[in-house]
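One structure is given here, and the rest of the page talks about it.
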Amino acid sequence: MEFKIKSGDLAKHKTPCLVLGVFEKRKLAPAAELIDQASGGRLTELLKKGDLDGETGRTLMLYDLPGVAAERVLLVGCGKRKEATRTTYRQALAASVDLLQRTHAGTALSTLPEAAPEGLSHYLAVRDAVTTAAERVYRYSQTKDDKQAPKTPLRTLTLWVDNQRTADEAEQALRHGAAIAAGVTLARELGNLPGNVCTPSYLADQAHDLATRFDKLSVEVLEEAQMEELGMGALLCVSRGSRQPAKLIVFRYAGAAATQRPVVLVGKGLTFDAGGISLKPGADMDEMKYDMCGGASVFGAVQAACELDLPIHLIGVVPASENLPDGDANKPGDIVKSLSGQTIEVLNTDAEGRLILCDALTYSERFNPDLVIDVATLTGACVVALGKHASGLFTANDALAGELQAAGETAWDRVWRLPLWEDYQSQLDSNFADMANIGGRDGGAITAACFLSRYTKKFPWAHVDIAGTAWLSGKEKGGTGRPVPFLVQLLLERSGVLAASA
Ligand code: BES
Ligand code: MN
Ligand code: ZN
């Protein structure tokens with residue numbers, strides 16, 4: 001999908017569809033006001049018929065408005081003006097795109113950023129318009145004919161901004177929004193692919209493809225033999241039960257001098273999680289193809305950094321494996337030695353994410369990182385705690401927590417902090433190894449984070465549990481691309497392109 005910015009005389013713009021905002025009680029947004037004047041009060045007159053009051057997300061299509069060059073005019077309800085929030089604004093944006101997808105317009109000129117709620121910066125108003133549109137037009141089609149695909153999909157969305165505004169800011173928002181959206185789309189597509197397509201080897205191939213697209217991006221893939229050599233006993237014990245070899249994918253994006261300490265993003269790339277010998281129950285097990293969404297979000301964030309040419313040194317590490325039961329699979333009670341030298345008693349083979357991540361985290365030490373963030377669909381307990389709206393955030397570093405929480409808020413891809421207190425650590429005690437890989441039912445998301453904390457002592461670190469946010473279930477089943485917007489926001493801030501949110 002293509003995005004553009006335009007300003008100038010709204011009534012004179014030739015477009016298949018002009019999108020205008022209307023607040024409740026038929027109050028016209030500023031751009032709609034202009035069109036009302038140009039049409040000699042026709043908008044006000046038509047609204048008096050009562051077909052649209054302005055409730056959030058309601059739409060009304062008008063044709064042949066006098067004095068207006070647009071072929072169609074789409075009115076979109078933006079809710080009560082005084083109570084408008086970023087949520088209602090985004091609902092209005094989504095509703096406009098959904099309707100455009102069902103028309104024959106194909107391209108449109110939207111003024112909705114001018115109807116953004118008070119308090120939302122113009123930059124974010126434009127960026128939200130771009131990311132929301134891209135999110136709504138995405139359709140999965142790799143393994144099925146998309147019979148319900150729109151006949152005339154929305155291909156170009158032009159955003160109109162008032163002449164008074166600085167075009168630079170809108171252009172920057174558009175560029176950032178488009179890169180975030182493309183990263184989200186990449187993560188969704190990888191997530192949606194079935195486990196028999198999206199294997200660790202497939203992810204490795206995709207990583208190589210990504211690297212060929214950008215000069216500053218290189219990739220190295222470690223094979224099982226190399227991991228064995230290094231001593232990654234935790235990662236390798238997970239892939240034992242699988243016929244698909246594990247891969248450790250390592251991206252390096254050289255947007256800044258190699259001497260600059262990098263930001264390292266580590267993403268869980270478990271391409272199918274059956275639980276192993278601690279087999280999961282059958283219901284909804286198909287959704288465990290999404291267990292690589294942390295890894296996919298690293299792909300998305302790395303791609304966005306490349307597209308935006310961000311001045312930052314960035315490393316992406318994706319441990320990729322399957323977790324299946326097999327005669328050669330690891331078993332409850334098995335003890336393995338991690339790359340860090342610490343031994344682990346595998347009490348439950350379904351707590352495999354932390355096993356592949358701990359070795360990937362120890363591996364990250366070699367980059368002398370400024371910051372390491374791992375992203376993982378790690379625990380069902382996190383979904384119980386936070387539901388599907390916030391990702392879980394864990395770090396012992398208060399300043400870092402503030403920075404990350406603010407970045408999530410800005411990106412509207414929110415993270416919420418849970419404690420990582422020492423008090424929980426003893427739940428991981430084992431009589432036979434340095435630690436067990438599970439900590440019991442209580443605080444399951446926290447003890448998983450505690451486990452990871454034992455491998456991250458040498459650098460500033462945060463863990464993001466996306467078990468609830470990475471995909472939707474039921475009729476809406478599909479990857480969300482989260483937390484790509486959050487990660488890209490952080491990179492925009494850490495690279496100095498944007499001021500820090502906090
Ligand atoms: N990939 C799952 C976590 C998960 C479960 C994410 C459901 C989203 C929805 C992870 O590997 C896992 O199985 N975790 C176990 C840990 C337990 C055995 C301590 C869980 O959450 O049940
Ligand atoms: Mn599991
Ligand atoms: Zn898992």
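Lettering and numbering for the structure tokens are positional, with chains as A, B, ... in the shown order, residues counted from 1 in each chain, and ligands counted from 1 in the shown order.
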
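Neighbours of ligand 2 at a cut-off of 7 Å, computed so that only C-alpha atoms and all ligand atoms are counted, are the residues Asp273, Ala274, Gly275, Asp350, Ala351, Glu352 and Gly353 of chain A.
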
Write to file, as a compact mmCIF listing (two decimals), in the first residue's frame, the residues of the selection just made, with C-alpha atoms.
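Saved as result-v3.txt:
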# COMPACT_ATOMS: atom_id res chain seq x y z
CA ASP A 273 5.20 -25.96 20.32
CA ALA A 274 3.46 -29.28 21.00
CA GLY A 275 4.94 -29.25 24.51
CA ASP A 350 6.70 -27.50 27.70
CA ALA A 351 8.64 -24.73 29.43
CA GLU A 352 10.96 -24.75 26.41
CA GLY A 353 10.95 -21.06 25.49

What are the closest atom pairs, with distances in Å to one decimal, for each residue of stretch 332-437 of chain A lying within 12 Å of stretch 128-139 of chain A, using only C-alpha atoms, rows by chain and rising residue number, as JSON lines?
{"residue": "A:Thr410", "atom": "CA", "partner": "A:Asp128", "partner_atom": "CA", "distance": 10.3}
{"residue": "A:Ala411", "atom": "CA", "partner": "A:Asp128", "partner_atom": "CA", "distance": 8.7}
{"residue": "A:Trp412", "atom": "CA", "partner": "A:Asp128", "partner_atom": "CA", "distance": 8.8}
{"residue": "A:Asp413", "atom": "CA", "partner": "A:Asp128", "partner_atom": "CA", "distance": 11.4}

Please check which protein, DNA or RNA residues sit within 9 Å of ligand 1, counting only C-alpha atoms and all ligand atoms, and write them as a short mmCIF file (atom, residue, chain, number, x, y, z; two decimals) with all heavy atoms, in the first residue's frame.
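For reference, selection_28.cif as written:
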data_model
loop_
_atom_site.label_atom_id
_atom_site.label_comp_id
_atom_site.auth_asym_id
_atom_site.auth_seq_id
_atom_site.Cartn_x
_atom_site.Cartn_y
_atom_site.Cartn_z
N LEU A 270 10.11 -20.33 18.21
CA LEU A 270 9.67 -21.73 18.36
C LEU A 270 8.58 -21.97 17.30
O LEU A 270 7.45 -21.54 17.46
CB LEU A 270 9.13 -21.92 19.79
CG LEU A 270 9.31 -23.26 20.48
CD1 LEU A 270 8.44 -24.33 19.85
CD2 LEU A 270 10.77 -23.71 20.55
N PHE A 272 6.91 -24.52 16.18
CA PHE A 272 5.69 -25.21 16.65
C PHE A 272 5.95 -25.81 18.02
O PHE A 272 6.91 -26.55 18.21
CB PHE A 272 5.19 -26.29 15.69
CG PHE A 272 3.83 -26.79 16.12
CD1 PHE A 272 2.69 -26.05 15.83
CD2 PHE A 272 3.69 -27.95 16.87
CE1 PHE A 272 1.44 -26.46 16.27
CE2 PHE A 272 2.44 -28.38 17.31
CZ PHE A 272 1.31 -27.62 17.02
N ASP A 273 5.04 -25.51 18.95
CA ASP A 273 5.20 -25.96 20.32
C ASP A 273 4.10 -26.95 20.70
O ASP A 273 3.00 -26.56 21.09
CB ASP A 273 5.17 -24.75 21.27
CG ASP A 273 5.39 -25.16 22.73
OD1 ASP A 273 5.78 -26.32 22.97
OD2 ASP A 273 5.18 -24.31 23.61
N ALA A 274 4.41 -28.24 20.56
CA ALA A 274 3.46 -29.28 21.00
C ALA A 274 3.64 -29.57 22.48
O ALA A 274 2.87 -30.33 23.06
CB ALA A 274 3.68 -30.54 20.18
N GLY A 275 4.66 -29.01 23.09
CA GLY A 275 4.94 -29.25 24.51
C GLY A 275 6.04 -30.28 24.72
O GLY A 275 6.58 -30.38 25.80
N SER A 278 6.06 -33.50 27.71
CA SER A 278 4.99 -32.90 28.51
C SER A 278 3.95 -32.33 27.55
O SER A 278 3.71 -31.11 27.50
CB SER A 278 5.54 -31.79 29.40
OG SER A 278 6.72 -32.19 30.07
N LYS A 280 1.08 -30.96 25.21
CA LYS A 280 -0.05 -30.06 25.47
C LYS A 280 -1.37 -30.78 25.19
O LYS A 280 -1.41 -31.70 24.38
CB LYS A 280 0.06 -28.84 24.54
CG LYS A 280 1.10 -27.83 24.93
CD LYS A 280 1.05 -26.63 23.99
CE LYS A 280 2.13 -25.61 24.35
NZ LYS A 280 1.98 -25.03 25.69
N MET A 285 -4.33 -26.47 19.85
CA MET A 285 -2.89 -26.62 19.77
C MET A 285 -2.32 -26.01 18.48
O MET A 285 -1.16 -25.61 18.43
CB MET A 285 -2.48 -28.09 19.87
CG MET A 285 -1.04 -28.26 20.36
SD MET A 285 -0.25 -29.74 19.82
CE MET A 285 -0.73 -30.88 21.09
N GLU A 287 -2.67 -23.24 17.44
CA GLU A 287 -2.22 -21.86 17.69
C GLU A 287 -0.76 -21.80 18.11
O GLU A 287 -0.16 -20.73 18.13
CB GLU A 287 -3.13 -21.16 18.72
CG GLU A 287 -4.55 -21.00 18.18
CD GLU A 287 -5.43 -20.10 19.05
OE1 GLU A 287 -4.94 -19.53 20.03
OE2 GLU A 287 -6.62 -20.00 18.72
N MET A 288 -0.20 -22.94 18.45
CA MET A 288 1.21 -22.95 18.85
C MET A 288 2.16 -22.80 17.65
O MET A 288 3.37 -22.78 17.80
CB MET A 288 1.52 -24.18 19.69
CG MET A 288 1.04 -24.04 21.13
SD MET A 288 1.83 -22.65 21.98
CE MET A 288 0.43 -21.61 22.38
N TYR A 290 2.10 -20.05 16.38
CA TYR A 290 2.44 -18.65 16.66
C TYR A 290 3.56 -18.50 17.68
O TYR A 290 3.89 -17.39 18.08
CB TYR A 290 1.20 -17.89 17.14
CG TYR A 290 0.17 -17.67 16.08
CD1 TYR A 290 -1.06 -18.32 16.11
CD2 TYR A 290 0.43 -16.80 15.01
CE1 TYR A 290 -2.01 -18.11 15.12
CE2 TYR A 290 -0.51 -16.60 14.02
CZ TYR A 290 -1.73 -17.25 14.08
OH TYR A 290 -2.66 -17.04 13.10
N ASP A 291 4.13 -19.62 18.11
CA ASP A 291 5.14 -19.55 19.17
C ASP A 291 6.48 -18.98 18.67
O ASP A 291 7.43 -18.88 19.44
CB ASP A 291 5.32 -20.94 19.79
CG ASP A 291 5.66 -20.88 21.28
OD1 ASP A 291 5.49 -19.81 21.88
OD2 ASP A 291 6.09 -21.91 21.82
N MET A 292 6.49 -18.60 17.39
CA MET A 292 7.71 -17.96 16.86
C MET A 292 7.50 -16.46 16.65
O MET A 292 8.28 -15.79 15.98
CB MET A 292 8.15 -18.60 15.54
CG MET A 292 7.07 -19.09 14.58
SD MET A 292 5.87 -17.85 14.14
CE MET A 292 6.91 -16.83 13.11
N ASN A 323 9.29 -27.89 19.11
CA ASN A 323 9.24 -28.61 20.39
C ASN A 323 8.22 -29.74 20.24
O ASN A 323 7.02 -29.52 20.34
CB ASN A 323 8.85 -27.66 21.53
CG ASN A 323 8.89 -28.33 22.90
OD1 ASN A 323 9.66 -29.28 23.10
ND2 ASN A 323 8.09 -27.85 23.83
N LEU A 347 12.01 -29.93 34.32
CA LEU A 347 10.89 -30.60 34.98
C LEU A 347 9.66 -30.66 34.09
O LEU A 347 8.78 -31.50 34.28
CB LEU A 347 10.56 -29.91 36.30
CG LEU A 347 11.60 -30.15 37.40
CD1 LEU A 347 11.26 -29.36 38.66
CD2 LEU A 347 11.72 -31.64 37.73
N ASN A 348 9.59 -29.76 33.13
CA ASN A 348 8.47 -29.75 32.19
C ASN A 348 9.01 -29.35 30.82
O ASN A 348 9.54 -28.25 30.65
CB ASN A 348 7.40 -28.76 32.67
CG ASN A 348 6.12 -28.87 31.86
OD1 ASN A 348 6.16 -29.06 30.65
ND2 ASN A 348 4.98 -28.75 32.53
N THR A 349 8.88 -30.27 29.86
CA THR A 349 9.47 -29.97 28.55
C THR A 349 8.68 -28.90 27.81
O THR A 349 9.13 -28.41 26.77
CB THR A 349 9.55 -31.24 27.67
OG1 THR A 349 8.21 -31.69 27.37
CG2 THR A 349 10.32 -32.36 28.36
N ASP A 350 7.49 -28.56 28.33
CA ASP A 350 6.70 -27.50 27.70
C ASP A 350 7.18 -26.11 28.09
O ASP A 350 6.77 -25.11 27.51
CB ASP A 350 5.22 -27.69 28.07
CG ASP A 350 4.29 -26.93 27.15
OD1 ASP A 350 4.77 -26.44 26.10
OD2 ASP A 350 3.09 -26.84 27.46
N ALA A 351 8.04 -26.02 29.10
CA ALA A 351 8.64 -24.73 29.43
C ALA A 351 9.94 -24.63 28.64
O ALA A 351 11.05 -24.57 29.20
CB ALA A 351 8.87 -24.61 30.92
N GLU A 352 9.79 -24.67 27.30
CA GLU A 352 10.96 -24.75 26.41
C GLU A 352 11.46 -23.38 25.95
O GLU A 352 12.63 -23.24 25.58
CB GLU A 352 10.60 -25.60 25.17
CG GLU A 352 9.92 -24.86 24.02
CD GLU A 352 8.56 -24.25 24.38
OE1 GLU A 352 7.94 -24.75 25.34
OE2 GLU A 352 8.14 -23.28 23.73
N GLY A 353 10.56 -22.39 25.99
CA GLY A 353 10.95 -21.06 25.49
C GLY A 353 12.14 -20.52 26.24
O GLY A 353 13.12 -20.05 25.65
N ARG A 354 12.08 -20.64 27.57
CA ARG A 354 13.17 -20.12 28.40
C ARG A 354 14.46 -20.89 28.13
O ARG A 354 15.56 -20.36 28.31
CB ARG A 354 12.77 -20.17 29.88
CG ARG A 354 12.43 -21.54 30.38
CD ARG A 354 11.60 -21.51 31.66
NE ARG A 354 10.18 -21.27 31.41
CZ ARG A 354 9.25 -21.19 32.36
NH1 ARG A 354 9.59 -21.30 33.62
NH2 ARG A 354 7.99 -20.98 32.04
N ALA A 376 9.06 -12.77 23.68
CA ALA A 376 8.69 -14.18 23.60
C ALA A 376 7.23 -14.44 23.96
O ALA A 376 6.69 -13.82 24.88
CB ALA A 376 9.59 -14.99 24.54
N THR A 377 6.62 -15.37 23.25
CA THR A 377 5.32 -15.92 23.65
C THR A 377 5.63 -16.94 24.73
O THR A 377 5.62 -18.15 24.49
CB THR A 377 4.66 -16.61 22.44
OG1 THR A 377 5.64 -17.47 21.82
CG2 THR A 377 4.16 -15.61 21.41
N LEU A 378 5.90 -16.43 25.94
CA LEU A 378 6.55 -17.30 26.91
C LEU A 378 5.62 -18.08 27.83
O LEU A 378 5.86 -19.25 28.11
CB LEU A 378 7.56 -16.50 27.75
CG LEU A 378 8.66 -17.34 28.40
CD1 LEU A 378 9.51 -18.03 27.36
CD2 LEU A 378 9.55 -16.49 29.30
N THR A 379 4.56 -17.42 28.31
CA THR A 379 3.72 -18.12 29.31
C THR A 379 2.23 -17.86 29.14
O THR A 379 1.80 -16.73 28.90
CB THR A 379 4.09 -17.66 30.75
OG1 THR A 379 3.80 -16.27 30.90
CG2 THR A 379 5.54 -17.94 31.07
N GLY A 380 1.44 -18.93 29.31
CA GLY A 380 0.00 -18.79 29.38
C GLY A 380 -0.38 -17.92 30.58
O GLY A 380 -1.38 -17.20 30.56
N ALA A 381 0.45 -17.96 31.62
CA ALA A 381 0.18 -17.18 32.84
C ALA A 381 0.15 -15.68 32.55
O ALA A 381 -0.59 -14.93 33.19
CB ALA A 381 1.23 -17.49 33.90
N CYS A 382 0.92 -15.24 31.58
CA CYS A 382 0.94 -13.81 31.25
C CYS A 382 -0.40 -13.40 30.62
O CYS A 382 -0.87 -12.29 30.83
CB CYS A 382 2.10 -13.49 30.30
SG CYS A 382 2.36 -11.72 30.08
N VAL A 383 -0.99 -14.33 29.86
CA VAL A 383 -2.30 -14.04 29.25
C VAL A 383 -3.35 -13.93 30.36
O VAL A 383 -4.25 -13.09 30.30
CB VAL A 383 -2.70 -15.15 28.26
CG1 VAL A 383 -3.87 -14.68 27.40
CG2 VAL A 383 -1.52 -15.56 27.38
N ASN A 437 13.42 -25.67 35.44
CA ASN A 437 12.94 -24.80 34.37
C ASN A 437 11.49 -24.36 34.60
O ASN A 437 10.92 -23.66 33.76
CB ASN A 437 13.11 -25.44 32.99
CG ASN A 437 12.06 -26.50 32.68
OD1 ASN A 437 11.59 -27.21 33.59
ND2 ASN A 437 11.69 -26.61 31.41
N ILE A 438 10.87 -24.77 35.71
CA ILE A 438 9.54 -24.26 36.05
C ILE A 438 9.50 -23.88 37.52
O ILE A 438 10.28 -24.41 38.34
CB ILE A 438 8.41 -25.28 35.75
CG1 ILE A 438 8.71 -26.64 36.40
CG2 ILE A 438 8.18 -25.43 34.27
CD1 ILE A 438 7.52 -27.59 36.36
N GLY A 439 8.57 -22.99 37.84
CA GLY A 439 8.50 -22.49 39.22
C GLY A 439 7.13 -22.67 39.84
O GLY A 439 6.76 -21.93 40.74
N GLY A 440 6.36 -23.62 39.32
CA GLY A 440 5.02 -23.86 39.88
C GLY A 440 3.98 -22.91 39.31
O GLY A 440 4.30 -22.04 38.50
N ARG A 441 2.74 -23.09 39.77
CA ARG A 441 1.61 -22.35 39.20
C ARG A 441 1.63 -20.86 39.54
O ARG A 441 1.27 -20.03 38.72
CB ARG A 441 0.31 -22.96 39.73
CG ARG A 441 -0.60 -23.52 38.67
CD ARG A 441 -1.78 -24.20 39.34
NE ARG A 441 -2.61 -23.23 40.08
CZ ARG A 441 -3.63 -22.57 39.54
NH1 ARG A 441 -3.96 -22.78 38.30
NH2 ARG A 441 -4.32 -21.70 40.26
N GLY A 444 3.36 -17.54 37.31
CA GLY A 444 4.08 -18.27 36.26
C GLY A 444 4.83 -17.38 35.27
O GLY A 444 5.90 -17.74 34.80
N ALA A 445 4.26 -16.21 34.97
CA ALA A 445 4.94 -15.31 34.03
C ALA A 445 6.18 -14.71 34.69
O ALA A 445 7.20 -14.47 34.04
CB ALA A 445 4.00 -14.20 33.58
N THR A 447 8.00 -16.13 37.29
CA THR A 447 9.09 -17.08 37.50
C THR A 447 9.80 -17.41 36.18
O THR A 447 10.99 -17.68 36.17
CB THR A 447 8.61 -18.38 38.20
OG1 THR A 447 7.47 -18.89 37.50
CG2 THR A 447 8.22 -18.10 39.64
N ALA A 448 9.05 -17.32 35.07
CA ALA A 448 9.70 -17.50 33.76
C ALA A 448 10.70 -16.38 33.53
O ALA A 448 11.84 -16.61 33.08
CB ALA A 448 8.65 -17.51 32.64
N ASP A 465 6.87 -10.38 27.49
CA ASP A 465 6.08 -11.60 27.26
C ASP A 465 4.87 -11.23 26.40
O ASP A 465 3.98 -10.49 26.83
CB ASP A 465 5.64 -12.20 28.59
CG ASP A 465 5.11 -13.65 28.45
OD1 ASP A 465 4.58 -13.97 27.36
OD2 ASP A 465 5.22 -14.44 29.41
N ILE A 466 4.85 -11.73 25.18
CA ILE A 466 3.79 -11.37 24.22
C ILE A 466 2.80 -12.51 24.00
O ILE A 466 2.10 -12.55 22.98
CB ILE A 466 4.41 -10.94 22.86
CG1 ILE A 466 5.27 -12.06 22.27
CG2 ILE A 466 5.21 -9.66 23.01
CD1 ILE A 466 5.62 -11.87 20.79
N ALA A 467 2.71 -13.43 24.98
CA ALA A 467 1.81 -14.58 24.80
C ALA A 467 0.37 -14.14 24.55
O ALA A 467 -0.36 -14.81 23.82
CB ALA A 467 1.88 -15.48 26.04
N GLY A 468 -0.04 -13.01 25.13
CA GLY A 468 -1.42 -12.57 24.95
C GLY A 468 -1.62 -11.62 23.78
O GLY A 468 -2.76 -11.42 23.33
N THR A 469 -0.55 -11.02 23.29
CA THR A 469 -0.71 -9.93 22.31
C THR A 469 -0.28 -10.29 20.89
O THR A 469 -0.61 -9.57 19.95
CB THR A 469 0.14 -8.72 22.76
OG1 THR A 469 1.48 -9.15 23.01
CG2 THR A 469 -0.43 -8.10 24.02
N ALA A 470 0.44 -11.40 20.72
CA ALA A 470 1.03 -11.69 19.41
C ALA A 470 0.02 -12.17 18.37
O ALA A 470 0.25 -12.03 17.17
CB ALA A 470 2.14 -12.74 19.57
N TRP A 471 -1.08 -12.75 18.83
CA TRP A 471 -2.08 -13.18 17.85
C TRP A 471 -3.48 -13.15 18.47
O TRP A 471 -3.64 -13.09 19.69
CB TRP A 471 -1.77 -14.58 17.32
CG TRP A 471 -2.07 -15.73 18.25
CD1 TRP A 471 -3.23 -16.44 18.31
CD2 TRP A 471 -1.19 -16.31 19.22
NE1 TRP A 471 -3.12 -17.43 19.27
CE2 TRP A 471 -1.90 -17.38 19.83
CE3 TRP A 471 0.11 -16.04 19.62
CZ2 TRP A 471 -1.32 -18.17 20.84
CZ3 TRP A 471 0.68 -16.82 20.63
CH2 TRP A 471 -0.03 -17.87 21.21
#

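Each of A:Gly195, A:Pro319, A:Gly21, A:Gly402 was compared to A:Glu223 using only C-alpha atoms, and A:Pro319 turns out to be the nearest.
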
Kindly indicate which residue among A:Arg58, A:His208, A:Lys289, A:Lys48 lies nearest to ligand 3, using only C-alpha atoms and all ligand atoms for the distances.
A:Lys289

As a ChimeraX atom specification, which residues of stretch 81-286 of chain A does DSSP assign to helix (DSSP H, G or I)?
/A:86-102,112-115,122-137,167-192,200-213,224-230,233-239,285-286

For A:Thr395, work out the shell of residues within 12 Å, counting only C-alpha atoms and skipping chain neighbours fewer than 2 positions away, then give it as a compact mmCIF listing (two decimals) with N, CA, C and O atoms, in the first residue's frame.
# COMPACT_ATOMS: atom_id res chain seq x y z
N LEU A 371 22.01 -2.63 25.50
CA LEU A 371 20.68 -3.03 25.99
C LEU A 371 20.29 -4.33 25.28
O LEU A 371 20.53 -4.48 24.08
N VAL A 372 19.71 -5.24 26.03
CA VAL A 372 19.16 -6.46 25.43
C VAL A 372 17.68 -6.54 25.78
O VAL A 372 17.31 -6.41 26.95
N ILE A 373 16.85 -6.73 24.76
CA ILE A 373 15.43 -6.95 25.01
C ILE A 373 15.06 -8.29 24.39
O ILE A 373 15.32 -8.51 23.20
N ASP A 374 14.48 -9.17 25.18
CA ASP A 374 13.98 -10.40 24.57
C ASP A 374 12.46 -10.34 24.50
O ASP A 374 11.81 -9.74 25.36
N GLY A 392 3.51 -8.26 28.68
CA GLY A 392 4.13 -8.20 30.00
C GLY A 392 5.55 -7.66 29.90
O GLY A 392 6.31 -8.07 29.02
N LEU A 393 5.91 -6.75 30.80
CA LEU A 393 7.26 -6.19 30.81
C LEU A 393 7.94 -6.55 32.11
O LEU A 393 7.36 -6.38 33.19
N ASN A 397 15.38 -2.90 36.21
CA ASN A 397 15.89 -1.55 36.01
C ASN A 397 14.72 -0.56 35.86
O ASN A 397 14.04 -0.54 34.84
N ASP A 398 14.50 0.25 36.90
CA ASP A 398 13.34 1.15 36.91
C ASP A 398 13.37 2.18 35.77
O ASP A 398 12.34 2.47 35.17
N ALA A 399 14.55 2.72 35.50
CA ALA A 399 14.65 3.74 34.45
C ALA A 399 14.31 3.10 33.10
O ALA A 399 13.56 3.68 32.29
N LEU A 400 14.82 1.91 32.88
CA LEU A 400 14.53 1.20 31.63
C LEU A 400 13.04 0.87 31.53
O LEU A 400 12.43 1.03 30.46
N ALA A 401 12.45 0.46 32.63
CA ALA A 401 11.02 0.15 32.63
C ALA A 401 10.21 1.37 32.20
O ALA A 401 9.29 1.27 31.38
N GLY A 402 10.58 2.53 32.74
CA GLY A 402 9.88 3.77 32.40
C GLY A 402 10.03 4.09 30.92
O GLY A 402 9.05 4.44 30.24
N GLU A 403 11.24 3.93 30.42
CA GLU A 403 11.51 4.20 29.01
C GLU A 403 10.66 3.28 28.12
O GLU A 403 10.04 3.72 27.14
N LEU A 404 10.63 2.01 28.46
CA LEU A 404 9.93 1.04 27.62
C LEU A 404 8.41 1.21 27.71
O LEU A 404 7.70 1.12 26.70
N GLN A 405 7.93 1.47 28.91
CA GLN A 405 6.49 1.66 29.07
C GLN A 405 6.03 2.88 28.26
O GLN A 405 4.99 2.85 27.60
N VAL A 415 2.95 -2.03 26.85
CA VAL A 415 3.54 -3.04 27.73
C VAL A 415 3.26 -2.63 29.16
O VAL A 415 3.17 -1.44 29.46
N TRP A 416 3.06 -3.59 30.02
CA TRP A 416 2.75 -3.29 31.43
C TRP A 416 3.69 -4.09 32.32
O TRP A 416 3.86 -5.29 32.12
N ARG A 417 4.27 -3.39 33.29
CA ARG A 417 5.30 -4.02 34.10
C ARG A 417 4.73 -4.94 35.18
O ARG A 417 3.76 -4.60 35.85
N LEU A 418 5.37 -6.07 35.32
CA LEU A 418 5.09 -7.00 36.43
C LEU A 418 6.39 -7.11 37.24
O LEU A 418 7.48 -6.85 36.72
N PRO A 419 6.29 -7.50 38.52
CA PRO A 419 7.50 -7.51 39.36
C PRO A 419 8.48 -8.61 38.98
O PRO A 419 8.10 -9.65 38.43
N LEU A 420 9.72 -8.33 39.29
CA LEU A 420 10.78 -9.31 39.05
C LEU A 420 11.61 -9.41 40.33
O LEU A 420 12.82 -9.38 40.32
N TRP A 421 10.88 -9.47 41.45
CA TRP A 421 11.56 -9.44 42.74
C TRP A 421 12.27 -10.75 43.04
O TRP A 421 11.82 -11.83 42.63
N GLU A 422 13.33 -10.59 43.81
CA GLU A 422 14.12 -11.76 44.24
C GLU A 422 13.27 -12.80 44.95
O GLU A 422 13.56 -13.99 44.90
N ILE A 446 6.06 -14.51 36.01
CA ILE A 446 7.17 -13.89 36.75
C ILE A 446 8.33 -14.87 36.93
O ILE A 446 9.49 -14.52 36.74
N ALA A 449 10.30 -15.16 33.88
CA ALA A 449 11.21 -14.01 33.74
C ALA A 449 12.39 -14.15 34.70
O ALA A 449 13.52 -13.82 34.36
N CYS A 450 12.11 -14.67 35.91
CA CYS A 450 13.19 -14.90 36.89
C CYS A 450 14.23 -15.86 36.32
O CYS A 450 15.45 -15.68 36.49
N LEU A 452 14.99 -16.30 33.17
CA LEU A 452 15.80 -15.57 32.17
C LEU A 452 16.78 -14.61 32.84
O LEU A 452 17.90 -14.40 32.36
N SER A 453 16.35 -14.04 33.97
CA SER A 453 17.20 -13.04 34.64
C SER A 453 18.54 -13.63 35.05
O SER A 453 19.53 -12.91 35.20
N THR A 456 21.22 -12.93 32.35
CA THR A 456 21.31 -11.57 31.81
C THR A 456 21.98 -10.62 32.78
O THR A 456 21.73 -9.42 32.77
N LYS A 457 22.85 -11.16 33.60
CA LYS A 457 23.50 -10.34 34.64
C LYS A 457 24.52 -9.37 34.05
O LYS A 457 24.88 -8.39 34.69
N PHE A 459 24.43 -7.42 31.32
CA PHE A 459 24.01 -6.26 30.50
C PHE A 459 22.63 -5.78 30.94
O PHE A 459 21.89 -6.53 31.57
N PRO A 460 22.30 -4.51 30.62
CA PRO A 460 20.95 -4.01 30.90
C PRO A 460 19.96 -4.83 30.07
O PRO A 460 20.18 -5.06 28.87
N TRP A 461 18.88 -5.26 30.72
CA TRP A 461 18.01 -6.23 30.06
C TRP A 461 16.54 -6.05 30.44
O TRP A 461 16.23 -5.68 31.57
N ALA A 462 15.69 -6.30 29.48
CA ALA A 462 14.24 -6.38 29.76
C ALA A 462 13.67 -7.54 28.97
O ALA A 462 14.16 -7.89 27.89
N HIS A 463 12.62 -8.12 29.53
CA HIS A 463 11.93 -9.24 28.90
C HIS A 463 10.49 -8.82 28.61
O HIS A 463 9.83 -8.21 29.45
N VAL A 464 10.01 -9.12 27.40
CA VAL A 464 8.64 -8.78 27.03
C VAL A 464 7.90 -10.06 26.68
O VAL A 464 8.27 -10.77 25.73
N ASP A 465 6.87 -10.38 27.49
CA ASP A 465 6.08 -11.60 27.26
C ASP A 465 4.87 -11.23 26.40
O ASP A 465 3.98 -10.49 26.83

If we count only C-alpha atoms and set the cut-off at 7 Å, which residues sit around stretch 115-123 of chain A, ignoring sequence neighbours fewer than 4 positions away in its own chain? Please answer as number ranges by chain.
A: 21, 29, 84-86, 89, 127, 169-170, 173

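Counting from atom CA of A:Val497, the distance to atom CA of A:Ala182 is 18.8 Å.
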
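Residues in contact with A:Arg102 at up to 9 Å, not including ones fewer than 2 positions away on its chain and judged by only C-alpha atoms, are Val97, Asp98, Leu99, Leu100, His104, Ala105, Pro150, Lys151, Thr152, Pro153 and Leu154 of chain A.
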
Would you kindly return, as a PyMOL selection string, each protein, DNA or RNA residue with an atom no farther than 7 Å from any atom of stretch 155-168 of chain A, considering only C-alpha atoms and excluding same-chain residues fewer than 3 positions away?
chain A and resi 1-8+106-111+114+171-172
